[in-house]
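Heads up: the structure comes next, in structure tokens.
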Amino acid sequence: MAKVAVIGAGSWGTALAKVLHTNGSQVTVWSIVEAEIAMLRERHEHVDKLPGVKLPEDMEFTTDLKAAVEDKEYLILAVPSVFTRSTAKSMAPFVKAGQIIVCVAKGIEENTLMTLSDIVEEEVPAAEVAVMCGPSHAEEVGVGLPTTVVAGAKKRKVAEGVQDIFMNEVFRVYTSPDVLGMELGGSLKNVIALAAGMADGLGYGDNTKAALITRGIMEMSRLAIKMGAKAETLSGLTGIGDLIVTCESRHSRNRKAGMLIGQGYTMKQAMDEVKMVVEGVYSAKAAIALAKKYGVDMPIIEEVNCVLFEDKPAKEAVRELMMRDRRAEHSALEWEA
Ligand SMILES: NC(=O)C1=CN([C@@H]2O[C@H](COP(=O)(O)OP(=O)(O)OC[C@H]3O[C@@H](n4cnc5c(N)ncnc54)[C@H](OP(=O)(O)O)[C@@H]3O)[C@@H](O)[C@H]2O)C=CC1
Ligand SMILES: O=C(CO)COP(=O)(O)O
């Protein structure tokens with residue numbers, strides 16, 4: 001039986017805590033929010049963020065970070081990306097060599113352009129760092145619908161350890177050494193999903209959605225590969241897989257926020273309405289900054305930035321994408337002479 005702490009009790013932390021407990025781990029869930037822990041203790045259910053998913057009676061809930069972190073083999077870091085650094089910094093004094101921190105949030109830090117695993121390595125040098133992501137909505141994981149994800153780490157043994165504690169008959173976990181590719185896939189897809197939601201909000205159809213997904217994975221891949229990620233990762237679960245689920249799912253907060261913006265809400269109004277974290281809004285500026293830094297063309301992500309931060313109407317953004325200079329689909333393909 002592994003001793004595990006889930007750091008962050010939003011919808012994802014709650015769903016993963018349930019998976020770990022089902023697999024026989026002893027699970028402690030931490031949140032910075034007192035009211036959230038009080039509710040979990042009393043109701044054994046996150047009634048706001050994951051209603052209908054009952055958590056077991058012997059699961060521990062705490063706001064005491066030291067108690068949560070100490071003596072655990074695995075620390076699952078599930079706070080939204082903007083709180084990753086502050087939470088990792090607070091954990092650092094309690095983390096001992098050999099403890100494994102698994103980053104399950106999705107994002108890129110706006111001011112440093114660092115991935116979340118890089119942030120955790122910087123803040124908690126004692127820890128081994130792993131990531132886990134893939135097409136996995138908490139609402140479906142929470143009720144045991146078959147789901148696949150990938151556990152990533154530089155060392156195979158670390159990734160396989162994460163695979164061991166999470167894997168069961170409805171939660172299949174693959175492994176990968178391409179941590180960078182996984183993290184870029186997981187965060188960039190949220191920005192494209194905002195665009196897919198905008199298209200839905202504008203009343204556009206399946207053709208538009210397919211175009212955004214296909215051209216979206218191309219721009220995600222262009223950037224990720226230029227940064228050193230592997231092409232296979234972008235065409236796998238943590239790339240195209242996660243992009244598809246986020247652009248299509250009724251559970252996606254990014255798609256939902258995009259849809260509201262397409263219907264005329266401001267970014268702020270849409271985020272307030274969704275109530276849970278909309279990571280694509282935080283990753284959008286970082287994505288475009290990375291595109292500039294690495295000299296990569298990312299037209300969809302550029303237009304999403306204009307809609308989010310410059311009040312450009314979503315309809316106008318789609319029109320501009322449609323009216324870009326004509327070009328070949330794959331510029332590297334050669335023509336007959
Ligand atoms: N939900 C999903 O299906 C999936 C989510 N993810 C990723 O997991 C991460 C977490 O998402 P999710 O659980 O859905 O988010 P939620 O919006 O459901 O929950 C966010 C949690 O963070 C808490 N919080 C607020 N302030 C702080 C703080 N200062 N420090 C630490 N925590 C704080 C919130 O408290 P409060 O209630 O007060 O806001 C809440 O418990 C995101 O990066 C997301 O992309 C990945 C895969 C699936
Ligand atoms: O990352 C996710 C599914 O894999 C969750 O996406 P949303 O944050 O858009 O709900």
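Simple scheme: letters A, B, ... for chains in structure tokens order, numbers from 1 for residues in each chain, numbers from 1 for ligands in the order shown.
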
- request: Determine, counting only C-alpha atoms, which protein, DNA and RNA residues have an atom within 7 Å of an atom of range 198-204 of chain A; residues of the same chain fewer than 5 positions away are not included. Present the result as a ChimeraX atom specification.
  value: /A:258-263,314

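Residues lying within 7 Å of range 69-84 of chain A, counting only C-alpha atoms and ignoring same-chain neighbours fewer than 5 positions away, are Ala2, Lys3, Val4, Ala5, Val6, Ile7, Gly8, Trp12, Gly13, Phe94, Val95, Gln99, Ile100, Ile101, Val102, Cys103, Val104, Ala105, Lys106, Gly107, Leu116 and Val277 of chain A.
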
- request: Write down as a PyMOL selection string the residues of range 62-207 of chain A whose backbone DSSP state falls under strand (DSSP E or B).
  value: chain A and resi 62+74-77+100-103+108+115+128-133+147-153+168+171-176

Residues from last step as file, N, CA and C atoms, as an mmCIF file, in the first residue's frame:
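Below is the file that was written, selection.cif:
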```
data_model
loop_
_atom_site.group_PDB
_atom_site.id
_atom_site.type_symbol
_atom_site.label_atom_id
_atom_site.label_comp_id
_atom_site.auth_asym_id
_atom_site.auth_seq_id
_atom_site.Cartn_x
_atom_site.Cartn_y
_atom_site.Cartn_z
ATOM 1 N N THR A 62 -7.066 17.543 5.003
ATOM 2 C CA THR A 62 -6.346 18.440 5.908
ATOM 3 C C THR A 62 -5.960 19.754 5.224
ATOM 4 N N TYR A 74 4.383 9.459 -2.508
ATOM 5 C CA TYR A 74 3.976 10.229 -3.687
ATOM 6 C C TYR A 74 3.172 11.453 -3.261
ATOM 7 N N LEU A 75 3.474 12.588 -3.908
ATOM 8 C CA LEU A 75 2.744 13.840 -3.678
ATOM 9 C C LEU A 75 2.161 14.258 -5.030
ATOM 10 N N ILE A 76 0.855 14.194 -5.137
ATOM 11 C CA ILE A 76 0.218 14.501 -6.424
ATOM 12 C C ILE A 76 -0.152 15.986 -6.410
ATOM 13 N N LEU A 77 0.523 16.771 -7.237
ATOM 14 C CA LEU A 77 0.343 18.228 -7.195
ATOM 15 C C LEU A 77 -0.752 18.639 -8.181
ATOM 16 N N ILE A 100 8.356 11.538 -4.414
ATOM 17 C CA ILE A 100 8.052 11.811 -5.827
ATOM 18 C C ILE A 100 6.878 12.776 -5.932
ATOM 19 N N ILE A 101 7.101 13.897 -6.610
ATOM 20 C CA ILE A 101 6.013 14.857 -6.853
ATOM 21 C C ILE A 101 5.515 14.651 -8.276
ATOM 22 N N VAL A 102 4.228 14.396 -8.394
ATOM 23 C CA VAL A 102 3.641 14.176 -9.718
ATOM 24 C C VAL A 102 2.799 15.397 -10.086
ATOM 25 N N CYS A 103 3.232 16.141 -11.114
ATOM 26 C CA CYS A 103 2.479 17.325 -11.548
ATOM 27 C C CYS A 103 1.335 16.859 -12.452
ATOM 28 N N ILE A 108 1.750 26.754 -18.420
ATOM 29 C CA ILE A 108 3.116 27.278 -18.604
ATOM 30 C C ILE A 108 3.142 28.592 -17.832
ATOM 31 N N THR A 115 7.825 25.221 -17.749
ATOM 32 C CA THR A 115 6.801 24.189 -17.563
ATOM 33 C C THR A 115 6.640 23.947 -16.059
ATOM 34 N N GLU A 128 11.974 13.888 -6.582
ATOM 35 C CA GLU A 128 11.942 13.364 -7.953
ATOM 36 C C GLU A 128 10.660 13.929 -8.560
ATOM 37 N N VAL A 129 10.732 14.390 -9.814
ATOM 38 C CA VAL A 129 9.533 15.004 -10.387
ATOM 39 C C VAL A 129 9.010 14.181 -11.565
ATOM 40 N N ALA A 130 7.709 13.983 -11.557
ATOM 41 C CA ALA A 130 7.037 13.276 -12.651
ATOM 42 C C ALA A 130 5.830 14.093 -13.091
ATOM 43 N N VAL A 131 5.248 13.714 -14.218
ATOM 44 C CA VAL A 131 4.013 14.377 -14.664
ATOM 45 C C VAL A 131 3.009 13.284 -15.034
ATOM 46 N N MET A 132 1.752 13.624 -15.026
ATOM 47 C CA MET A 132 0.751 12.690 -15.546
ATOM 48 C C MET A 132 -0.341 13.491 -16.233
ATOM 49 N N CYS A 133 -0.585 13.200 -17.496
ATOM 50 C CA CYS A 133 -1.673 13.876 -18.204
ATOM 51 C C CYS A 133 -2.181 13.025 -19.358
ATOM 52 N N THR A 147 -10.570 5.364 -19.066
ATOM 53 C CA THR A 147 -9.752 6.549 -19.349
ATOM 54 C C THR A 147 -8.300 6.118 -19.513
ATOM 55 N N THR A 148 -7.580 6.804 -20.419
ATOM 56 C CA THR A 148 -6.140 6.516 -20.582
ATOM 57 C C THR A 148 -5.338 7.790 -20.384
ATOM 58 N N VAL A 149 -4.214 7.672 -19.699
ATOM 59 C CA VAL A 149 -3.313 8.813 -19.489
ATOM 60 C C VAL A 149 -1.869 8.326 -19.648
ATOM 61 N N VAL A 150 -0.935 9.268 -19.498
ATOM 62 C CA VAL A 150 0.484 8.919 -19.595
ATOM 63 C C VAL A 150 1.206 9.453 -18.350
ATOM 64 N N ALA A 151 2.064 8.614 -17.770
ATOM 65 C CA ALA A 151 2.935 9.051 -16.674
ATOM 66 C C ALA A 151 4.308 9.317 -17.283
ATOM 67 N N GLY A 152 4.827 10.518 -17.056
ATOM 68 C CA GLY A 152 6.109 10.883 -17.654
ATOM 69 C C GLY A 152 7.145 11.207 -16.597
ATOM 70 N N ALA A 153 8.385 10.810 -16.856
ATOM 71 C CA ALA A 153 9.494 11.167 -15.962
ATOM 72 C C ALA A 153 10.783 10.932 -16.741
ATOM 73 N N ASN A 168 -5.549 0.927 -13.096
ATOM 74 C CA ASN A 168 -6.535 -0.105 -12.763
ATOM 75 C C ASN A 168 -7.360 -0.420 -14.011
ATOM 76 N N PHE A 171 -8.628 2.779 -15.538
ATOM 77 C CA PHE A 171 -7.700 3.916 -15.617
ATOM 78 C C PHE A 171 -6.360 3.349 -16.086
ATOM 79 N N ARG A 172 -6.158 3.393 -17.401
ATOM 80 C CA ARG A 172 -4.966 2.787 -17.987
ATOM 81 C C ARG A 172 -3.862 3.828 -18.111
ATOM 82 N N VAL A 173 -2.684 3.512 -17.608
ATOM 83 C CA VAL A 173 -1.586 4.489 -17.574
ATOM 84 C C VAL A 173 -0.409 3.985 -18.412
ATOM 85 N N TYR A 174 -0.049 4.742 -19.430
ATOM 86 C CA TYR A 174 1.157 4.458 -20.221
ATOM 87 C C TYR A 174 2.317 5.235 -19.589
ATOM 88 N N THR A 175 3.539 4.984 -20.064
ATOM 89 C CA THR A 175 4.691 5.749 -19.564
ATOM 90 C C THR A 175 5.405 6.436 -20.723
ATOM 91 N N SER A 176 6.161 7.482 -20.404
ATOM 92 C CA SER A 176 6.933 8.189 -21.437
ATOM 93 C C SER A 176 8.102 8.944 -20.797
#
```

statement: re CA of Asn111 in chain A and CA of Ile288 in chain A: distance 12.2 Å

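Considering only C-alpha atoms, the residue among A:Leu308, A:Leu243, A:Leu16, A:Val120 positioned nearest to Gly264 in chain A is A:Leu308.
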